[in-house]
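Novice: My file is structure_21.pdb. It has PDB, C-alpha atoms:
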```pdb
ATOM      1  CA  MET A   9       3.035   6.449  30.183  1.00  0.00           C
ATOM      2  CA  THR A  10      -0.519   5.730  29.001  1.00  0.00           C
ATOM      3  CA  ALA A  11      -1.284   3.914  25.739  1.00  0.00           C
ATOM      4  CA  CYS A  12      -2.732   7.119  24.314  1.00  0.00           C
ATOM      5  CA  SER A  13       0.303   9.208  25.159  1.00  0.00           C
ATOM      6  CA  ARG A  14       2.621   6.491  23.792  1.00  0.00           C
ATOM      7  CA  ARG A  15       0.705   6.500  20.534  1.00  0.00           C
ATOM      8  CA  ASN A  16       0.895  10.302  20.333  1.00  0.00           C
ATOM      9  CA  PHE A  17       4.615  10.201  21.062  1.00  0.00           C
ATOM     10  CA  VAL A  18       5.327   7.584  18.386  1.00  0.00           C
ATOM     11  CA  SER A  19       3.136   9.388  15.838  1.00  0.00           C
ATOM     12  CA  GLY A  20       5.042  12.580  16.536  1.00  0.00           C
ATOM     13  CA  MET A  21       8.368  10.816  16.091  1.00  0.00           C
ATOM     14  CA  GLY A  22       7.180   9.348  12.792  1.00  0.00           C
ATOM     15  CA  ALA A  23       6.188  12.781  11.533  1.00  0.00           C
ATOM     16  CA  LEU A  24       9.558  14.190  12.629  1.00  0.00           C
ATOM     17  CA  ILE A  25      11.402  11.476  10.717  1.00  0.00           C
ATOM     18  CA  LEU A  26       9.467  12.233   7.549  1.00  0.00           C
ATOM     19  CA  MET A  27       9.794  16.010   7.814  1.00  0.00           C
ATOM     20  CA  THR A  28      13.535  15.906   8.359  1.00  0.00           C
ATOM     21  CA  GLY A  29      14.105  13.247   5.733  1.00  0.00           C
ATOM     22  CA  THR A  30      16.074  11.170   8.227  1.00  0.00           C
ATOM     23  CA  THR A  31      16.337   7.489   7.421  1.00  0.00           C
ATOM     24  CA  ILE A  32      17.239   5.174  10.272  1.00  0.00           C
ATOM     25  CA  LYS A  33      19.571   2.412   9.068  1.00  0.00           C
ATOM     26  CA  SER A  34      21.094  -0.507  10.878  1.00  0.00           C
ATOM     27  CA  VAL A  35      24.767  -0.305  11.828  1.00  0.00           C
ATOM     28  CA  GLY A  36      27.006  -1.399   8.985  1.00  0.00           C
ATOM     29  CA  GLN A  37      24.347  -1.043   6.267  1.00  0.00           C
ATOM     30  CA  THR A  38      26.005   0.109   3.054  1.00  0.00           C
ATOM     31  CA  ALA A  39      24.717   1.922   0.000  1.00  0.00           C
ATOM     32  CA  SER A  40      25.144  -1.202  -2.100  1.00  0.00           C
ATOM     33  CA  GLU A  41      22.876  -3.151   0.249  1.00  0.00           C
ATOM     34  CA  THR A  42      20.001  -0.710  -0.262  1.00  0.00           C
ATOM     35  CA  LYS A  43      20.302  -0.639  -4.057  1.00  0.00           C
ATOM     36  CA  LYS A  44      17.242  -2.145  -5.757  1.00  0.00           C
ATOM     37  CA  THR A  45      17.060  -3.627  -9.213  1.00  0.00           C
ATOM     38  CA  ILE A  46      13.253  -3.732  -9.134  1.00  0.00           C
ATOM     39  CA  ARG A  47      10.801  -1.178  -7.762  1.00  0.00           C
ATOM     40  CA  TYR A  48       7.307  -2.606  -7.754  1.00  0.00           C
ATOM     41  CA  ALA A  49       4.285  -0.312  -7.786  1.00  0.00           C
ATOM     42  CA  MET A  50       0.568  -0.528  -8.452  1.00  0.00           C
ATOM     43  CA  LEU A  51      -1.894   1.653 -10.368  1.00  0.00           C
ATOM     44  CA  HIS A  52      -5.616   1.701  -9.563  1.00  0.00           C
ATOM     45  CA  ASP A  53      -7.744   3.089 -12.384  1.00  0.00           C
ATOM     46  CA  GLU A  54     -10.804   4.577 -10.706  1.00  0.00           C
ATOM     47  CA  THR A  55     -12.466   5.108 -14.085  1.00  0.00           C
ATOM     48  CA  ALA A  56     -12.439   1.344 -14.705  1.00  0.00           C
ATOM     49  CA  CYS A  57     -13.182   0.087 -11.169  1.00  0.00           C
ATOM     50  CA  ILE A  58     -16.793  -1.061 -10.678  1.00  0.00           C
ATOM     51  CA  GLY A  59     -16.514  -1.784  -6.957  1.00  0.00           C
ATOM     52  CA  CYS A  60     -17.219  -5.494  -7.326  1.00  0.00           C
ATOM     53  CA  THR A  61     -14.709  -6.324  -4.520  1.00  0.00           C
ATOM     54  CA  ALA A  62     -13.405  -9.369  -6.416  1.00  0.00           C
ATOM     55  CA  CYS A  63      -9.918  -8.084  -5.558  1.00  0.00           C
ATOM     56  CA  MET A  64     -10.701  -8.109  -1.851  1.00  0.00           C
ATOM     57  CA  GLU A  65     -11.975 -11.678  -1.921  1.00  0.00           C
ATOM     58  CA  ALA A  66      -9.023 -12.890  -3.997  1.00  0.00           C
ATOM     59  CA  CYS A  67      -6.601 -11.247  -1.583  1.00  0.00           C
ATOM     60  CA  ARG A  68      -8.310 -12.841   1.395  1.00  0.00           C
ATOM     61  CA  GLU A  69      -8.289 -16.319  -0.143  1.00  0.00           C
ATOM     62  CA  THR A  70      -4.750 -16.218  -1.547  1.00  0.00           C
ATOM     63  CA  ASN A  71      -3.143 -14.798   1.592  1.00  0.00           C
ATOM     64  CA  GLN A  72      -5.337 -16.577   4.132  1.00  0.00           C
ATOM     65  CA  VAL A  73      -6.495 -13.311   5.705  1.00  0.00           C
ATOM     66  CA  PRO A  74      -8.839 -13.996   8.659  1.00  0.00           C
ATOM     67  CA  GLU A  75     -12.300 -12.501   8.922  1.00  0.00           C
ATOM     68  CA  GLY A  76     -12.448  -9.211  10.780  1.00  0.00           C
ATOM     69  CA  VAL A  77      -9.298  -7.755   9.212  1.00  0.00           C
ATOM     70  CA  SER A  78      -8.363  -6.874   5.647  1.00  0.00           C
ATOM     71  CA  ARG A  79      -5.230  -6.166   3.621  1.00  0.00           C
ATOM     72  CA  LEU A  80      -7.238  -4.390   0.953  1.00  0.00           C
ATOM     73  CA  GLU A  81     -10.448  -2.377   0.894  1.00  0.00           C
ATOM     74  CA  ILE A  82     -12.379  -0.775  -1.922  1.00  0.00           C
ATOM     75  CA  ILE A  83     -14.114   2.282  -0.493  1.00  0.00           C
ATOM     76  CA  ARG A  84     -17.311   3.402  -2.199  1.00  0.00           C
ATOM     77  CA  SER A  85     -18.226   7.072  -2.310  1.00  0.00           C
ATOM     78  CA  GLU A  86     -21.635   8.539  -1.626  1.00  0.00           C
ATOM     79  CA  PRO A  87     -23.886   8.328  -4.710  1.00  0.00           C
ATOM     80  CA  TYR A  88     -24.068  11.317  -7.007  1.00  0.00           C
ATOM     81  CA  GLY A  89     -26.554  12.018  -9.762  1.00  0.00           C
ATOM     82  CA  GLU A  90     -30.249  11.181  -9.745  1.00  0.00           C
ATOM     83  CA  PHE A  91     -31.905   7.767  -9.711  1.00  0.00           C
ATOM     84  CA  PRO A  92     -31.801   5.646 -11.825  1.00  0.00           C
ATOM     85  CA  ASN A  93     -28.574   7.194 -13.125  1.00  0.00           C
ATOM     86  CA  ALA A  94     -26.836   7.559  -9.768  1.00  0.00           C
ATOM     87  CA  GLU A  95     -23.121   6.745  -9.864  1.00  0.00           C
ATOM     88  CA  TYR A  96     -20.382   5.929  -7.393  1.00  0.00           C
ATOM     89  CA  GLU A  97     -16.636   6.346  -7.236  1.00  0.00           C
ATOM     90  CA  PHE A  98     -14.326   3.660  -5.847  1.00  0.00           C
ATOM     91  CA  PHE A  99     -11.036   4.156  -4.036  1.00  0.00           C
ATOM     92  CA  ARG A 100      -8.416   1.509  -3.244  1.00  0.00           C
ATOM     93  CA  HIS A 101      -7.243   1.592   0.387  1.00  0.00           C
ATOM     94  CA  SER A 102      -4.171  -0.538   1.056  1.00  0.00           C
ATOM     95  CA  CYS A 103      -0.451  -0.332   1.848  1.00  0.00           C
ATOM     96  CA  GLN A 104       1.316   2.303  -0.241  1.00  0.00           C
ATOM     97  CA  HIS A 105       4.721   0.572  -0.133  1.00  0.00           C
ATOM     98  CA  CYS A 106       6.336   3.894   0.649  1.00  0.00           C
ATOM     99  CA  HIS A 107       9.892   4.440  -0.517  1.00  0.00           C
ATOM    100  CA  ASN A 108      10.394   6.430   2.697  1.00  0.00           C
ATOM    101  CA  ALA A 109       8.296   4.262   5.022  1.00  0.00           C
ATOM    102  CA  PRO A 110       7.753   5.581   8.569  1.00  0.00           C
ATOM    103  CA  CYS A 111       6.634   2.118   9.710  1.00  0.00           C
ATOM    104  CA  VAL A 112      10.080   0.766   8.888  1.00  0.00           C
ATOM    105  CA  HIS A 113      11.901   3.647  10.585  1.00  0.00           C
ATOM    106  CA  VAL A 114      10.202   3.183  13.965  1.00  0.00           C
ATOM    107  CA  CYS A 115      10.225  -0.622  14.182  1.00  0.00           C
ATOM    108  CA  PRO A 116      12.433  -1.548  17.162  1.00  0.00           C
ATOM    109  CA  THR A 117      13.155  -5.125  16.019  1.00  0.00           C
ATOM    110  CA  GLY A 118      13.560  -4.819  12.253  1.00  0.00           C
ATOM    111  CA  ALA A 119      10.359  -6.763  11.683  1.00  0.00           C
ATOM    112  CA  SER A 120       9.087  -4.045   9.330  1.00  0.00           C
ATOM    113  CA  PHE A 121      11.453  -3.788   6.402  1.00  0.00           C
ATOM    114  CA  VAL A 122      11.843  -2.847   2.748  1.00  0.00           C
ATOM    115  CA  ASP A 123      12.738  -5.829   0.583  1.00  0.00           C
ATOM    116  CA  LYS A 124      16.004  -4.878  -1.117  1.00  0.00           C
ATOM    117  CA  GLU A 125      15.230  -6.829  -4.286  1.00  0.00           C
ATOM    118  CA  THR A 126      11.735  -5.483  -4.974  1.00  0.00           C
ATOM    119  CA  GLY A 127      11.135  -2.349  -2.911  1.00  0.00           C
ATOM    120  CA  ILE A 128       8.135  -4.031  -1.276  1.00  0.00           C
ATOM    121  CA  VAL A 129       7.458  -3.024   2.337  1.00  0.00           C
ATOM    122  CA  ASP A 130       6.845  -6.182   4.344  1.00  0.00           C
ATOM    123  CA  VAL A 131       6.700  -7.593   7.886  1.00  0.00           C
ATOM    124  CA  ASN A 132       8.643 -10.514   9.334  1.00  0.00           C
ATOM    125  CA  LYS A 133       6.094 -11.947  11.716  1.00  0.00           C
ATOM    126  CA  ASP A 134       8.760 -13.928  13.586  1.00  0.00           C
ATOM    127  CA  LEU A 135      10.523 -10.692  14.579  1.00  0.00           C
ATOM    128  CA  CYS A 136       7.396  -8.645  15.336  1.00  0.00           C
ATOM    129  CA  VAL A 137       6.654  -8.148  19.032  1.00  0.00           C
ATOM    130  CA  GLY A 138       3.266  -6.525  18.493  1.00  0.00           C
ATOM    131  CA  CYS A 139       4.286  -3.141  19.898  1.00  0.00           C
ATOM    132  CA  GLN A 140       2.092  -1.410  17.274  1.00  0.00           C
ATOM    133  CA  TYR A 141       4.532   1.463  16.725  1.00  0.00           C
ATOM    134  CA  CYS A 142       4.223   0.893  12.974  1.00  0.00           C
ATOM    135  CA  ILE A 143       0.442   1.050  13.190  1.00  0.00           C
ATOM    136  CA  ALA A 144       0.636   4.301  15.133  1.00  0.00           C
ATOM    137  CA  VAL A 145       2.880   6.123  12.656  1.00  0.00           C
ATOM    138  CA  CYS A 146       1.362   4.880   9.373  1.00  0.00           C
ATOM    139  CA  PRO A 147      -0.375   7.948   7.895  1.00  0.00           C
ATOM    140  CA  TYR A 148      -2.500   5.720   5.640  1.00  0.00           C
ATOM    141  CA  ARG A 149      -3.935   3.585   8.468  1.00  0.00           C
ATOM    142  CA  VAL A 150      -3.545   0.318   6.571  1.00  0.00           C
ATOM    143  CA  ARG A 151      -1.806  -1.894   9.139  1.00  0.00           C
ATOM    144  CA  PHE A 152      -3.425  -4.214  11.656  1.00  0.00           C
ATOM    145  CA  ILE A 153      -2.512  -6.903  14.166  1.00  0.00           C
ATOM    146  CA  HIS A 154      -3.056 -10.345  12.676  1.00  0.00           C
ATOM    147  CA  PRO A 155      -5.502 -12.132  15.023  1.00  0.00           C
ATOM    148  CA  VAL A 156      -3.730 -15.485  14.633  1.00  0.00           C
ATOM    149  CA  TYR A 157      -0.032 -14.548  14.519  1.00  0.00           C
ATOM    150  CA  LYS A 158      -0.394 -11.508  16.818  1.00  0.00           C
ATOM    151  CA  SER A 159       2.000  -9.599  14.573  1.00  0.00           C
ATOM    152  CA  ALA A 160       1.596  -6.551  12.346  1.00  0.00           C
ATOM    153  CA  ASP A 161       0.234  -7.332   8.902  1.00  0.00           C
ATOM    154  CA  LYS A 162      -0.838  -5.596   5.687  1.00  0.00           C
ATOM    155  CA  CYS A 163      -0.717  -5.879   1.888  1.00  0.00           C
ATOM    156  CA  ASN A 164       2.673  -7.056   0.614  1.00  0.00           C
ATOM    157  CA  PHE A 165       1.734  -7.355  -3.077  1.00  0.00           C
ATOM    158  CA  CYS A 166       1.390 -11.140  -2.498  1.00  0.00           C
ATOM    159  CA  ARG A 167       5.184 -11.271  -2.134  1.00  0.00           C
ATOM    160  CA  ASP A 168       5.205 -14.686  -0.430  1.00  0.00           C
ATOM    161  CA  THR A 169       2.265 -16.186  -2.333  1.00  0.00           C
ATOM    162  CA  ASN A 170       1.536 -15.224  -5.953  1.00  0.00           C
ATOM    163  CA  LEU A 171       4.754 -13.303  -6.616  1.00  0.00           C
ATOM    164  CA  ALA A 172       6.796 -16.170  -5.236  1.00  0.00           C
ATOM    165  CA  LYS A 173       5.157 -18.361  -7.894  1.00  0.00           C
ATOM    166  CA  GLY A 174       5.873 -15.910 -10.697  1.00  0.00           C
ATOM    167  CA  LYS A 175       2.282 -14.706 -10.836  1.00  0.00           C
ATOM    168  CA  LEU A 176       0.701 -11.273 -10.499  1.00  0.00           C
ATOM    169  CA  PRO A 177      -0.821 -10.202  -7.164  1.00  0.00           C
ATOM    170  CA  ALA A 178      -4.190 -11.865  -6.560  1.00  0.00           C
ATOM    171  CA  CYS A 179      -6.085  -8.582  -6.759  1.00  0.00           C
ATOM    172  CA  VAL A 180      -4.663  -7.876 -10.218  1.00  0.00           C
ATOM    173  CA  GLU A 181      -5.435 -11.362 -11.511  1.00  0.00           C
ATOM    174  CA  SER A 182      -9.028 -11.260 -10.297  1.00  0.00           C
ATOM    175  CA  CYS A 183     -10.059  -7.795 -11.500  1.00  0.00           C
ATOM    176  CA  PRO A 184     -12.721  -8.241 -14.235  1.00  0.00           C
ATOM    177  CA  THR A 185     -12.217  -4.749 -15.688  1.00  0.00           C
ATOM    178  CA  ASN A 186      -8.404  -4.603 -15.626  1.00  0.00           C
ATOM    179  CA  ALA A 187      -8.549  -1.641 -13.248  1.00  0.00           C
ATOM    180  CA  LEU A 188      -5.265  -2.677 -11.612  1.00  0.00           C
ATOM    181  CA  THR A 189      -1.805  -2.558 -13.162  1.00  0.00           C
ATOM    182  CA  PHE A 190       1.245  -3.917 -11.351  1.00  0.00           C
ATOM    183  CA  GLY A 191       4.864  -3.812 -12.397  1.00  0.00           C
ATOM    184  CA  ASP A 192       8.403  -2.506 -12.142  1.00  0.00           C
ATOM    185  CA  LEU A 193       8.875   1.252 -12.235  1.00  0.00           C
ATOM    186  CA  ASN A 194      12.563   0.748 -12.959  1.00  0.00           C
ATOM    187  CA  ASP A 195      11.603  -0.844 -16.270  1.00  0.00           C
ATOM    188  CA  PRO A 196      10.572   1.963 -18.652  1.00  0.00           C
ATOM    189  CA  ASN A 197       8.856  -0.574 -20.903  1.00  0.00           C
ATOM    190  CA  SER A 198       6.655  -2.135 -18.221  1.00  0.00           C
ATOM    191  CA  ASP A 199       2.894  -1.650 -18.472  1.00  0.00           C
ATOM    192  CA  ILE A 200       2.781   0.475 -15.344  1.00  0.00           C
ATOM    193  CA  SER A 201       5.632   2.736 -16.483  1.00  0.00           C
ATOM    194  CA  GLN A 202       3.900   3.297 -19.796  1.00  0.00           C
ATOM    195  CA  LYS A 203       0.528   4.029 -18.195  1.00  0.00           C
ATOM    196  CA  LEU A 204       2.036   6.513 -15.753  1.00  0.00           C
ATOM    197  CA  LYS A 205       3.450   8.417 -18.731  1.00  0.00           C
ATOM    198  CA  GLN A 206       0.184   8.397 -20.640  1.00  0.00           C
ATOM    199  CA  GLN A 207      -2.438   9.073 -17.955  1.00  0.00           C
ATOM    200  CA  GLN A 208      -3.154  11.677 -15.336  1.00  0.00           C
ATOM    201  CA  VAL A 209      -2.456  10.067 -11.970  1.00  0.00           C
ATOM    202  CA  TYR A 210      -2.165  11.036  -8.336  1.00  0.00           C
ATOM    203  CA  ARG A 211      -0.810   9.664  -5.067  1.00  0.00           C
ATOM    204  CA  THR A 212      -2.149  10.430  -1.599  1.00  0.00           C
ATOM    205  CA  LYS A 213      -0.399  12.364   1.172  1.00  0.00           C
ATOM    206  CA  VAL A 214       2.755  12.927  -0.869  1.00  0.00           C
ATOM    207  CA  GLU A 215       3.318  16.122   1.105  1.00  0.00           C
ATOM    208  CA  LEU A 216       4.465  13.926   4.011  1.00  0.00           C
ATOM    209  CA  GLY A 217       7.503  12.792   2.062  1.00  0.00           C
ATOM    210  CA  THR A 218       6.584   9.095   2.180  1.00  0.00           C
ATOM    211  CA  ASP A 219       6.961   8.637  -1.609  1.00  0.00           C
ATOM    212  CA  PRO A 220       4.079   6.128  -1.929  1.00  0.00           C
ATOM    213  CA  GLN A 221       4.166   3.538  -4.709  1.00  0.00           C
ATOM    214  CA  LEU A 222       0.384   3.220  -5.086  1.00  0.00           C
ATOM    215  CA  TYR A 223      -0.900   5.413  -7.919  1.00  0.00           C
ATOM    216  CA  HIS A 224      -4.477   6.275  -8.873  1.00  0.00           C
ATOM    217  CA  VAL A 225      -6.169   7.357 -12.080  1.00  0.00           C
ATOM    218  CA  PRO A 226      -8.819   9.809 -10.800  1.00  0.00           C
ATOM    219  CA  ALA A 227     -12.463   8.917 -11.316  1.00  0.00           C
ATOM    220  CA  LYS A 228     -12.962  12.355 -12.823  1.00  0.00           C
ATOM    221  CA  ARG A 229     -10.251  14.122 -14.761  1.00  0.00           C
ATOM    222  CA  GLY A 230      -8.708  16.901 -12.721  1.00  0.00           C
ATOM    223  CA  GLU A 231     -10.249  15.642  -9.455  1.00  0.00           C
ATOM    224  CA  LEU A 232      -7.305  14.514  -7.337  1.00  0.00           C
ATOM    225  CA  ARG A 233      -7.704  13.258  -3.801  1.00  0.00           C
ATOM    226  CA  ARG A 234      -5.184  14.052  -1.098  1.00  0.00           C
TER
END
```
Before anything else, please render the file you have as structure tokens.
Specialist:
Amino acid sequence: MTACSRRNFVSGMGALILMTGTTIKSVGQTASETKKTIRYAMLHDETACIGCTACMEACRETNQVPEGVSRLEIIRSEPYGEFPNAEYEFFRHSCQHCHNAPCVHVCPTGASFVDKETGIVDVNKDLCVGCQYCIAVCPYRVRFIHPVYKSADKCNFCRDTNLAKGKLPACVESCPTNALTFGDLNDPNSDISQKLKQQQVYRTKVELGTDPQLYHVPAKRGELRR
């Protein structure tokens, strides 16, 4: 089977899993084991983002991300308006930490997993065999093979760096305009829970059933990306 046909096959299987709502669980996994006390999520306010990329640099430094790959990208739109008043819109492109994550479902070794305590989707590099099934099925195209460890990698909300030290993710700490909000959706009093109640927000590709945990405040009210 060629690499292309393998990729098509795995992508098709990932889509089938999402459409049917089937969740593949390990033998003996109980409901109590999957119960989470925390459900971390992030909100990117496109009206506040200035595209400075401080978040990208902070992520790279904190998580020792090699050149040539990135856990986080800020995508700039084409300019609109006339010079000198031309404006841009900025979109955060990173792992969505899906509640129903296709990357986790297709992983043959359990390297891709959802952390039971936080809801964060992460990768155990010691278990990853580099098969790239997770990369093939991710509808957001945010995973990559780490050039040093040769394992799948992506944003994990700084789970093993800043969060482990009781700090906010590096991107949140470094943002000069407070365009990023991070917190626990299971806490109704958290900043992110309050903002999601007060502001118009959207998530991308929700029609796939992935239930992404990355929210966006649209750059223009009523203009929601898909």
Novice: Work out how far apart CA of Val112 (chain A) and CA of Cys136 (chain A) are and give it in Å to one decimal.
Specialist: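 Computed distance, CA of Val112 (chain A) to CA of Cys136 (chain A), equals 11.7 Å.
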Novice: Just so the selection is clear, what residues does the PyMOL selection byres ((chain A and resi 63) around 8) cover here, as number ranges by chain?
Specialist: A: 60-62, 64-67, 80, 178-180, 182-183
Novice: Would you work out the distance separating CA of Arg47 (chain A) from CA of Asn194 (chain A), expressed in Å to one decimal?
Specialist: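 Rounded to one decimal, the two atoms are 5.8 Å apart.
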Novice: A:Ser159, A:Asn197, A:Ser85, A:Ser120: which is nearest Val137 (chain A), counting only C-alpha atoms?
Specialist: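 Answer, going by the shortest atom-to-atom distance: A:Ser159.
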Novice: Pick out the residues sitting within 9 Å of Leu135 (chain A), and hand them over as a PyMOL selection string; count only C-alpha atoms, and ignore anything fewer than 3 positions along from it in its own chain.
Specialist: chain A and resi 117-120+131-132+159
Novice: For the atom pair CA of Thr126 (chain A) and CA of Asn71 (chain A), what is the interatomic distance in Å to one decimal place?
Specialist: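 Computing it gives 18.7 Å between the two atoms.
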Novice: Tell me which protein, DNA and RNA residues are within 12 Å of Asp168 (chain A), counting only C-alpha atoms, leaving out same-chain ones fewer than 3 positions away, and put them as number ranges by chain.
Specialist: A: 70-72, 123, 128, 130-132, 163-165, 171-178
Novice: Could you state which residues are captured by the PyMOL selection byres ((chain A and resi 48) around 10) in this file, as a ChimeraX atom specification?
Specialist: /A:45-47,49-50,105,125-128,165,190-195,200,221-222
Novice: So, counting all atoms listed in the file, which residue among A:Arg79, A:Lys124, A:Cys115, A:Asn186 is closest to Arg149 (chain A)?
Specialist: A:Arg79
Novice: May I have the residues within 10 Å of Tyr157 (chain A) as a JSON list (two decimals) with C-alpha atoms, in the frame of the given file, using all atoms listed in the file and disregarding those fewer than 5 positions away in the same chain?
Specialist:
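Everything below was put into around_13.json:
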```
[["chain", "number", "residue", "atom", "x", "y", "z"],
["A", 133, "LYS", "CA", 6.09, -11.95, 11.72],
["A", 134, "ASP", "CA", 8.76, -13.93, 13.59],
["A", 136, "CYS", "CA", 7.40, -8.64, 15.34],
["A", 138, "GLY", "CA", 3.27, -6.52, 18.49]]
```
Novice: Do you know which residues lie at most 8 Å from (-13.2, -0.8, -14.4), with coordinates as in the file and only C-alpha atoms counted, and could you write them as a list in words?
Specialist: Asp53, Glu54, Thr55, Ala56, Cys57, Ile58, Pro184, Thr185, Asn186 and Ala187 of chain A
Novice: Which protein, DNA or RNA residues have an atom at most 12 Å from (-4.5, -11.1, 16.9), counting only C-alpha atoms? List them as a PDB file with C-alpha atoms, in the frame of the given file.
Specialist:
```pdb
ATOM      1  CA  VAL A  73      -6.495 -13.311   5.705  1.00  0.00           C
ATOM      2  CA  PRO A  74      -8.839 -13.996   8.659  1.00  0.00           C
ATOM      3  CA  GLU A  75     -12.300 -12.501   8.922  1.00  0.00           C
ATOM      4  CA  GLY A  76     -12.448  -9.211  10.780  1.00  0.00           C
ATOM      5  CA  VAL A  77      -9.298  -7.755   9.212  1.00  0.00           C
ATOM      6  CA  LYS A 133       6.094 -11.947  11.716  1.00  0.00           C
ATOM      7  CA  VAL A 137       6.654  -8.148  19.032  1.00  0.00           C
ATOM      8  CA  GLY A 138       3.266  -6.525  18.493  1.00  0.00           C
ATOM      9  CA  GLN A 140       2.092  -1.410  17.274  1.00  0.00           C
ATOM     10  CA  PHE A 152      -3.425  -4.214  11.656  1.00  0.00           C
ATOM     11  CA  ILE A 153      -2.512  -6.903  14.166  1.00  0.00           C
ATOM     12  CA  HIS A 154      -3.056 -10.345  12.676  1.00  0.00           C
ATOM     13  CA  PRO A 155      -5.502 -12.132  15.023  1.00  0.00           C
ATOM     14  CA  VAL A 156      -3.730 -15.485  14.633  1.00  0.00           C
ATOM     15  CA  TYR A 157      -0.032 -14.548  14.519  1.00  0.00           C
ATOM     16  CA  LYS A 158      -0.394 -11.508  16.818  1.00  0.00           C
ATOM     17  CA  SER A 159       2.000  -9.599  14.573  1.00  0.00           C
ATOM     18  CA  ALA A 160       1.596  -6.551  12.346  1.00  0.00           C
ATOM     19  CA  ASP A 161       0.234  -7.332   8.902  1.00  0.00           C
TER      20      ASP A 161
END
```
